[in-house]
$ cat run-v3.cif   # mmCIF, C-alpha atoms and all ligand atoms
data_target
loop_
_atom_site.label_atom_id
_atom_site.label_comp_id
_atom_site.auth_asym_id
_atom_site.auth_seq_id
_atom_site.Cartn_x
_atom_site.Cartn_y
_atom_site.Cartn_z
CA MET A 22 64.74 3.26 43.74
CA ALA A 23 66.73 6.12 45.21
CA ALA A 24 65.14 8.49 42.66
CA ALA A 25 61.65 7.28 43.62
CA LYS A 26 62.42 7.84 47.30
CA LYS A 27 63.71 11.31 46.58
CA GLU A 28 60.62 12.13 44.54
CA MET A 29 58.35 11.02 47.40
CA LEU A 30 60.30 12.99 49.97
CA GLU A 31 60.13 16.12 47.83
CA LEU A 32 56.41 15.77 47.16
CA PHE A 33 55.65 15.18 50.85
CA ARG A 34 57.84 18.09 51.90
CA ARG A 35 55.95 20.36 49.50
CA GLU A 36 52.69 19.12 51.04
CA LEU A 37 53.93 19.82 54.58
CA GLU A 38 55.05 23.27 53.46
CA LEU A 39 51.51 24.00 52.29
CA CYS A 40 50.42 22.78 55.74
CA LYS A 41 52.77 25.43 57.19
CA VAL A 42 54.76 22.88 59.18
CA ARG A 43 57.56 24.74 60.87
CA LYS A 44 60.28 24.69 63.49
CA GLY A 45 58.95 24.09 66.98
CA GLU A 46 55.97 22.03 65.78
CA THR A 47 55.41 18.33 66.27
CA VAL A 48 54.18 16.25 63.36
CA ALA A 49 52.85 12.78 64.27
CA VAL A 50 52.61 10.22 61.50
CA LEU A 51 49.99 7.57 62.30
CA SER A 52 50.15 4.13 60.69
CA VAL A 53 49.54 0.46 61.43
CA GLY A 54 51.87 -2.52 60.91
CA ASP A 55 53.74 -2.38 57.62
CA SER A 56 50.99 -0.48 55.80
CA LEU A 57 52.30 2.57 53.92
CA ARG A 58 55.66 2.45 55.74
CA ASP A 59 57.29 4.14 52.76
CA TYR A 60 54.90 7.06 53.19
CA ALA A 61 55.56 7.18 56.94
CA THR A 62 59.33 7.25 56.45
CA ALA A 63 59.11 10.01 53.84
CA PHE A 64 56.68 12.16 55.86
CA LEU A 65 58.85 11.84 58.97
CA ALA A 66 61.95 12.88 57.03
CA ALA A 67 60.10 15.77 55.36
CA ALA A 68 58.85 17.05 58.72
CA ARG A 69 62.39 16.95 60.08
CA GLN A 70 63.71 18.82 57.04
CA LEU A 71 61.25 21.61 57.89
CA GLY A 72 62.60 21.78 61.42
CA ALA A 73 59.66 20.07 63.12
CA THR A 74 59.81 17.23 65.62
CA ALA A 75 58.69 14.05 63.84
CA LEU A 76 56.85 11.34 65.79
CA ASP A 77 56.37 7.87 64.32
CA VAL A 78 53.10 6.57 65.82
CA ASN A 79 53.14 3.08 64.33
CA LEU A 80 50.47 0.88 65.89
CA GLU A 81 50.91 -2.84 66.25
CA GLY A 82 48.53 -4.76 64.13
CA LYS A 83 47.87 -6.47 60.88
CA SER A 84 48.86 -4.58 57.78
CA THR A 85 45.78 -4.02 55.71
CA SER A 86 44.93 -2.61 52.32
CA VAL A 87 43.44 0.86 51.99
CA GLY A 88 40.20 -0.72 50.75
CA ASP A 89 39.92 -2.81 53.92
CA ARG A 90 40.64 0.17 56.14
CA MET A 91 38.03 2.25 54.33
CA LYS A 92 35.45 -0.50 54.94
CA GLU A 93 36.18 -0.17 58.65
CA PHE A 94 35.19 3.50 58.55
CA GLY A 95 34.75 4.88 62.05
CA ARG A 96 36.47 1.92 63.75
CA ASN A 97 40.21 1.76 64.38
CA PRO A 98 42.73 0.42 66.92
CA LEU A 99 43.17 3.87 68.51
CA ALA A 100 40.07 3.27 70.60
CA ASP A 101 42.09 0.84 72.76
CA ASN A 102 45.34 2.78 72.74
CA PRO A 103 45.34 5.74 75.16
CA LYS A 104 49.16 6.14 74.87
CA ALA A 105 49.01 6.68 71.13
CA MET A 106 45.99 8.96 71.55
CA ALA A 107 47.92 11.14 73.99
CA LYS A 108 50.80 11.52 71.49
CA LEU A 109 48.43 12.43 68.68
CA LYS A 110 46.51 14.95 70.78
CA ASN A 111 49.73 16.65 71.79
CA ALA A 112 50.91 17.00 68.20
CA ASP A 113 50.37 20.11 66.07
CA MET A 114 49.68 18.01 63.01
CA VAL A 115 48.72 14.37 62.44
CA VAL A 116 49.32 12.65 59.12
CA ASP A 117 46.69 9.89 59.10
CA LEU A 118 47.92 6.89 57.12
CA LEU A 119 45.76 4.57 59.27
CA VAL A 120 42.36 5.97 58.19
CA ALA A 121 41.44 7.05 61.71
CA SER A 122 39.55 9.85 59.98
CA PHE A 123 35.73 9.72 60.19
CA SER A 124 35.84 8.34 63.75
CA ALA A 125 35.30 9.56 67.31
CA GLN A 126 39.10 9.51 67.69
CA GLU A 127 39.49 11.93 64.76
CA LEU A 128 37.16 14.38 66.50
CA GLU A 129 38.99 14.00 69.80
CA ILE A 130 42.41 14.63 68.22
CA ARG A 131 41.15 17.71 66.38
CA ALA A 132 39.35 19.04 69.43
CA ALA A 133 42.75 18.99 71.17
CA GLY A 134 43.97 21.39 68.46
CA ALA A 135 45.87 19.10 66.09
CA ARG A 136 45.25 19.56 62.39
CA MET A 137 44.81 16.28 60.58
CA LEU A 138 45.49 15.16 57.02
CA LEU A 139 44.24 11.84 55.63
CA VAL A 140 46.62 10.29 53.11
CA CYS A 141 45.88 6.78 51.85
CA GLU A 142 45.88 6.84 48.05
CA ASP A 143 48.53 5.48 45.73
CA PHE A 144 51.51 7.67 44.95
CA GLU A 145 50.56 8.34 41.33
CA THR A 146 47.21 9.78 42.50
CA LEU A 147 48.84 11.92 45.20
CA LYS A 148 51.28 13.30 42.68
CA ARG A 149 48.64 14.05 40.04
CA LEU A 150 46.30 15.62 42.57
CA SER A 151 48.85 17.60 44.57
CA PRO A 152 47.09 20.63 45.99
CA THR A 153 47.96 24.26 45.28
CA PRO A 154 47.02 27.59 46.88
CA ALA A 155 44.88 28.28 43.77
CA LEU A 156 42.86 25.11 44.46
CA ARG A 157 42.40 26.29 48.03
CA ASP A 158 41.31 29.77 46.91
CA ARG A 159 38.60 28.60 44.52
CA THR A 160 37.40 25.94 46.96
CA GLU A 161 37.13 28.53 49.76
CA ALA A 162 35.31 30.89 47.39
CA ALA A 163 32.94 28.03 46.55
CA LEU A 164 32.31 27.37 50.23
CA ARG A 165 31.55 31.03 50.92
CA ARG A 166 29.01 31.12 48.09
CA LEU A 167 27.43 27.81 49.05
CA HIS A 168 27.23 28.87 52.70
CA LYS A 169 25.44 32.11 51.83
CA ALA A 170 23.04 30.66 49.26
CA LYS A 171 19.37 30.08 49.93
CA THR A 172 18.93 27.75 46.94
CA PHE A 173 20.94 25.45 44.68
CA ARG A 174 19.30 24.19 41.50
CA PHE A 175 20.87 21.93 38.91
CA THR A 176 19.89 20.49 35.56
CA ASN A 177 21.40 18.34 32.82
CA LEU A 178 20.58 17.43 29.26
CA VAL A 179 18.73 14.20 30.16
CA GLY A 180 16.07 15.74 32.38
CA THR A 181 17.52 16.60 35.79
CA ASP A 182 15.83 19.60 37.42
CA VAL A 183 16.04 19.70 41.20
CA THR A 184 16.21 22.45 43.82
CA TYR A 185 17.78 22.39 47.29
CA GLU A 186 16.73 25.03 49.83
CA PHE A 187 19.13 25.92 52.66
CA ASP A 188 18.48 27.44 56.05
CA GLY A 189 21.94 27.42 57.59
CA LYS A 190 21.22 24.52 59.94
CA TYR A 191 23.96 22.31 58.52
CA ARG A 192 27.70 22.93 58.37
CA PRO A 193 28.98 23.04 54.79
CA LEU A 194 32.16 21.14 54.05
CA MET A 195 35.16 21.78 51.84
CA GLU A 196 38.20 19.72 50.99
CA TYR A 197 41.24 21.07 49.16
CA GLY A 198 43.96 18.66 50.18
CA TYR A 199 45.94 20.37 52.94
CA VAL A 200 45.60 21.68 56.49
CA ALA A 201 47.26 24.85 57.73
CA GLU A 202 45.01 25.80 60.67
CA PRO A 203 44.71 24.21 64.14
CA GLY A 204 41.99 21.55 64.34
CA ARG A 205 41.30 21.48 60.59
CA TRP A 206 40.84 18.17 58.75
CA ASP A 207 41.37 17.45 55.08
CA HIS A 208 42.08 14.66 52.65
CA TRP A 209 44.89 14.68 50.12
CA PRO A 210 43.87 14.28 47.21
CA ALA A 211 40.52 16.09 47.29
CA GLY A 212 38.91 19.23 45.88
CA LEU A 213 35.22 19.75 46.55
CA VAL A 214 32.50 21.62 48.44
CA ALA A 215 29.20 20.30 49.78
CA ASN A 216 26.25 21.28 51.92
CA CYS A 217 22.91 19.81 52.98
CA ALA A 218 19.48 21.32 52.39
CA ARG A 219 17.01 22.21 55.09
CA ASP A 220 15.19 19.02 56.23
CA GLY A 221 12.60 18.05 53.66
CA ALA A 222 13.56 20.86 51.28
CA VAL A 223 14.80 19.06 48.17
CA ASN A 224 12.30 18.64 45.34
CA GLY A 225 12.49 17.68 41.68
CA ARG A 226 14.19 14.92 39.80
CA VAL A 227 17.74 13.85 39.18
CA VAL A 228 18.45 11.88 36.02
CA MET A 229 21.98 10.51 36.07
CA ASN A 230 23.30 10.16 32.56
CA GLU A 231 25.18 7.23 31.07
CA GLY A 232 28.80 7.56 32.12
CA ASP A 233 27.97 9.17 35.45
CA ILE A 234 29.52 7.45 38.47
CA VAL A 235 28.03 5.43 41.32
CA TYR A 236 30.24 5.36 44.45
CA PRO A 237 30.92 3.25 46.40
CA ARG A 238 29.75 0.66 43.87
CA MET A 239 32.57 1.83 41.57
CA GLU A 240 30.45 1.82 38.45
CA PHE A 241 29.90 3.99 35.41
CA LEU A 242 26.21 3.93 34.48
CA ALA A 243 25.58 2.36 31.07
CA THR A 244 22.05 3.83 30.87
CA PRO A 245 20.32 6.76 32.61
CA VAL A 246 18.79 6.32 36.08
CA GLU A 247 16.10 8.68 37.35
CA PHE A 248 15.50 9.62 40.99
CA VAL A 249 12.17 11.26 41.81
CA ILE A 250 12.71 13.48 44.86
CA GLU A 251 9.90 14.73 47.07
CA ARG A 252 10.38 16.67 50.29
CA GLY A 253 14.02 15.66 50.72
CA ALA A 254 13.72 11.97 49.91
CA VAL A 255 13.91 9.73 46.86
CA THR A 256 10.43 8.31 46.33
CA ARG A 257 11.05 6.44 43.07
CA ILE A 258 14.04 5.16 41.12
CA LYS A 259 13.29 4.61 37.46
CA GLY A 260 15.30 3.12 34.63
CA GLY A 261 16.48 -0.25 33.41
CA LYS A 262 18.45 -3.01 35.05
CA GLU A 263 20.90 -0.63 36.70
CA ALA A 264 18.09 1.28 38.42
CA ASP A 265 16.74 -2.03 39.66
CA ASP A 266 20.21 -3.18 40.87
CA LEU A 267 20.73 0.10 42.69
CA ARG A 268 17.34 -0.04 44.39
CA ARG A 269 17.98 -3.60 45.55
CA TRP A 270 21.45 -2.66 46.79
CA MET A 271 19.96 0.22 48.81
CA ASP A 272 17.16 -1.97 50.16
CA GLY A 273 19.83 -4.44 51.31
CA TYR A 274 20.67 -1.98 54.10
CA LYS A 275 17.11 -2.36 55.43
CA ASP A 276 17.11 1.31 56.40
CA PRO A 277 14.60 3.73 54.86
CA ARG A 278 16.99 6.59 55.70
CA ALA A 279 19.13 5.37 52.78
CA TYR A 280 16.62 7.21 50.57
CA ALA A 281 17.21 10.60 52.20
CA VAL A 282 18.88 13.16 49.95
CA SER A 283 22.24 14.09 51.49
CA HIS A 284 24.86 16.63 50.44
CA ILE A 285 25.11 18.62 47.23
CA GLY A 286 28.01 20.58 45.78
CA TRP A 287 30.70 20.44 43.10
CA GLY A 288 34.27 19.39 42.39
CA THR A 289 37.11 21.94 42.21
CA HIS A 290 40.21 19.91 41.26
CA THR A 291 41.44 20.40 37.71
CA GLY A 292 43.78 17.41 38.02
CA ALA A 293 40.99 14.94 38.76
CA GLU A 294 40.09 12.39 36.09
CA TRP A 295 36.68 10.98 35.25
CA SER A 296 37.74 7.51 36.35
CA LEU A 297 37.08 4.81 38.93
CA LYS A 298 40.65 4.86 40.26
CA GLY A 299 41.54 4.23 43.89
CA ILE A 300 38.91 4.99 46.51
CA GLY A 301 37.19 7.43 44.19
CA MET A 302 38.47 10.91 44.95
CA ASP A 303 38.94 11.57 41.22
CA GLY A 304 35.26 11.44 40.33
CA ARG A 305 34.21 13.21 43.54
CA SER A 306 36.71 16.04 43.02
CA TYR A 307 36.36 16.30 39.23
CA TYR A 308 36.40 19.96 38.24
CA GLY A 309 32.90 21.23 37.41
CA ASN A 310 31.05 18.03 38.30
CA VAL A 311 27.90 18.17 40.41
CA LEU A 312 28.26 15.75 43.32
CA PHE A 313 24.81 14.43 44.23
CA SER A 314 24.57 12.19 47.31
CA LEU A 315 22.08 10.04 49.18
CA GLY A 316 22.15 8.77 52.76
CA PRO A 317 23.92 10.03 55.87
CA ASN A 318 24.35 13.68 56.89
CA VAL A 319 26.30 13.35 60.16
CA GLU A 320 29.38 14.99 58.61
CA PHE A 321 27.24 18.11 58.22
CA GLY A 322 25.85 18.03 61.75
CA GLY A 323 22.74 15.96 61.01
CA THR A 324 21.43 12.81 62.68
CA ASN A 325 21.03 10.44 59.71
CA ASP A 326 23.82 7.89 60.23
CA THR A 327 22.61 5.23 57.83
CA ALA A 328 25.38 2.94 56.58
CA CYS A 329 24.06 3.26 53.03
CA HIS A 330 26.03 6.16 51.55
CA LEU A 331 25.94 6.90 47.83
CA ASP A 332 28.12 9.58 46.24
CA LEU A 333 26.94 10.20 42.69
CA PRO A 334 29.14 12.55 40.64
CA MET A 335 27.49 13.83 37.46
CA ARG A 336 29.15 15.43 34.44
CA GLY A 337 27.92 18.14 32.10
CA CYS A 338 25.40 19.68 34.49
CA SER A 339 24.34 23.30 34.82
CA ALA A 340 23.80 24.80 38.27
CA TRP A 341 22.47 27.98 39.88
CA LEU A 342 23.00 29.48 43.35
CA ASP A 343 20.12 31.84 44.19
CA GLY A 344 19.35 32.12 40.49
CA GLU A 345 22.92 32.96 39.42
CA ARG A 346 24.24 30.40 36.98
CA ILE A 347 27.59 29.16 38.28
CA ILE A 348 28.05 26.01 36.16
CA ALA A 349 27.14 25.70 32.47
CA ASN A 350 27.36 22.17 31.05
CA GLY A 351 30.15 21.29 33.47
CA ARG A 352 32.05 24.59 33.12
CA LEU A 353 32.42 26.80 36.18
CA LEU A 354 31.58 30.39 35.23
CA PRO A 355 32.33 33.01 37.95
CA ASP A 356 35.95 34.15 38.10
CA ASP A 357 36.36 33.30 41.77
CA LEU A 358 35.20 29.71 41.22
CA ARG A 359 36.98 29.08 37.94
CA ALA A 360 40.50 27.79 37.48
CA VAL A 361 42.77 29.78 35.20
CA GLY A 362 42.61 28.35 31.68
CA PHE A 363 39.41 26.31 32.32
FE FE A 401 28.79 11.60 50.54
#

$ encode --input "run-v3.cif" --output "structure tokens"
Amino acid sequence: MAAAKKEMLELFRRELELCKVRKGETVAVLSVGDSLRDYATAFLAAARQLGATALDVNLEGKSTSVGDRMKEFGRNPLADNPKAMAKLKNADMVVDLLVASFSAQELEIRAAGARMLLVCEDFETLKRLSPTPALRDRTEAALRRLHKAKTFRFTNLVGTDVTYEFDGKYRPLMEYGYVAEPGRWDHWPAGLVANCARDGAVNGRVVMNEGDIVYPRMEFLATPVEFVIERGAVTRIKGGKEADDLRRWMDGYKDPRAYAVSHIGWGTHTGAEWSLKGIGMDGRSYYGNVLFSLGPNVEFGGTNDTACHLDLPMRGCSAWLDGERIIANGRLLPDDLRAVGF
């Protein structure tokens, strides 16, 4: 038990070191009830070891599972708690064990200058997907390239061939698992980049292969599913029973905006597994995947806030930015995007 506690403290201290937590800073650790109290205790101790002031912002309320808190995306008890909000906004860094991320409160805290790190996965996952400066470097390089590109095209061996055209209207996004600058947000354990095409400027078809993943349904496809994409929207979904199930699941939201093509990008984390573990950061962050997505684009500065959000990581794809091949059958090619030894 003592060894496990020590291991957690050391891992969390290493994470806060990457976040450049230092003397004179205040680190607020946000949690609710008894949920993730072991994490809270270890983060508070780690912050103190680095010379920072550690603030335990533990809200009253029912302890809930991570899955339940994720379902409540965008809603959290901070909305009715101005005292806690004031503490968080005054902090230099907020460790979010509550899942206040993806809400108006997250934006308010970050606008006040606090950097914010979401941590809600199990310890084994955090350990396996601990970030490194190298992960940050290749993720930042990926963001720079994606930000500059006018087109992204990707294919796979079962018939995908689709092109996204960008015009700079949307804000690209990257996650590499730590936050060292004021106001920045990230999620430990993540490694990915994504951007959205110009409105109406995605055309072609995406054929997900068997074994590709459907989040948040937490499924591996058993047979291929084809999406016909015209002017930025899915106009047909073809395949067997799984295609039919998926279409009915999407139609259940009774929102035609569910069919809009959302972000596109790739995973950068060499520690990620092709699995359905946890809340699904493994598949999303899987090194060299292409992460295809349907539904909302508010995270990128768009107005589509449909509740139907599909993240669809695909393996073994090839991809081109402005005609330069950057991924070949799931392998990242350019030196700045590739991990050493991969
Ligand atoms: Fe998404």

$ atom_distance --input "run-v3.cif" --atom1 "atom CA of A:Pro98" --atom2 "atom CA of A:Met137"
17.2 Å

$ residues_near_point --input "run-v3.cif" --point "(44.7, 16.6, 70.7)" --cutoff "8 Å" --atoms "only C-alpha atoms" --output "list in words"
Met106, Ala107, Lys108, Leu109, Lys110, Asn111, Ala112, Glu129, Ile130, Arg131, Ala132, Ala133, Gly134 and Ala135 of chain A

$ closest_residue --input "run-v3.cif" --among "A:Phe33, A:Phe363, A:Trp287, A:Trp341" --to "ligand FE 401 (chain A)" --atoms "all atoms listed in the file"
A:Trp287

$ residues_around --input "run-v3.cif" --residues "A:Met335" --least-positions-apart "6" --cutoff "6 Å" --atoms "all atoms listed in the file" --output "VMD selection string"
chain A and resid 233 310 to 311

$ write_last_selection --input "run-v3.cif" --atoms "C-alpha atoms" --output "PDB file, in the coordinates of the input"
ATOM      1  CA  ASP A 233      27.970   9.170  35.450  1.00  0.00           C
ATOM      2  CA  ASN A 310      31.050  18.030  38.300  1.00  0.00           C
ATOM      3  CA  VAL A 311      27.900  18.170  40.410  1.00  0.00           C
TER       4      VAL A 311
END

$ closest_atom_pairs --input "run-v3.cif" --of "chain A" --to "ligand FE 401 (chain A)" --cutoff "8 Å" --atoms "only C-alpha atoms and all ligand atoms" --output "Markdown table"
| residue | atom | partner | partner_atom | distance |
| --- | --- | --- | --- | --- |
| A:Ser283 | CA | A:FE401 | FE | 7.1 |
| A:His284 | CA | A:FE401 | FE | 6.4 |
| A:Phe313 | CA | A:FE401 | FE | 8.0 |
| A:Ser314 | CA | A:FE401 | FE | 5.3 |
| A:Leu315 | CA | A:FE401 | FE | 7.0 |
| A:Gly316 | CA | A:FE401 | FE | 7.6 |
| A:Pro317 | CA | A:FE401 | FE | 7.4 |
| A:His330 | CA | A:FE401 | FE | 6.2 |
| A:Leu331 | CA | A:FE401 | FE | 6.1 |
| A:Asp332 | CA | A:FE401 | FE | 4.8 |

$ residues_near_point --input "run-v3.cif" --point "(37.8, -0.7, 41.5)" --cutoff "10 Å" --atoms "only C-alpha atoms" --output "PyMOL selection string"
chain A and resi 88+237-240+296-301

$ atom_distance --input "run-v3.cif" --atom1 "atom CA of A:Leu138" --atom2 "atom CA of A:Asp207"
5.1 Å

$ closest_atom_pairs --input "run-v3.cif" --of "stretch 249-323 of chain A" --to "stretch 182-203 of chain A" --cutoff "7 Å" --atoms "only C-alpha atoms" --output "JSON lines"
{"residue": "A:Phe321", "atom": "CA", "partner": "A:Arg192", "partner_atom": "CA", "distance": 4.8}
{"residue": "A:Gly322", "atom": "CA", "partner": "A:Tyr191", "partner_atom": "CA", "distance": 5.7}
{"residue": "A:Gly323", "atom": "CA", "partner": "A:Tyr191", "partner_atom": "CA", "distance": 6.9}

$ atom_distance --input "run-v3.cif" --atom1 "atom CA of A:Arg174" --atom2 "atom CA of A:Arg278"
22.7 Å
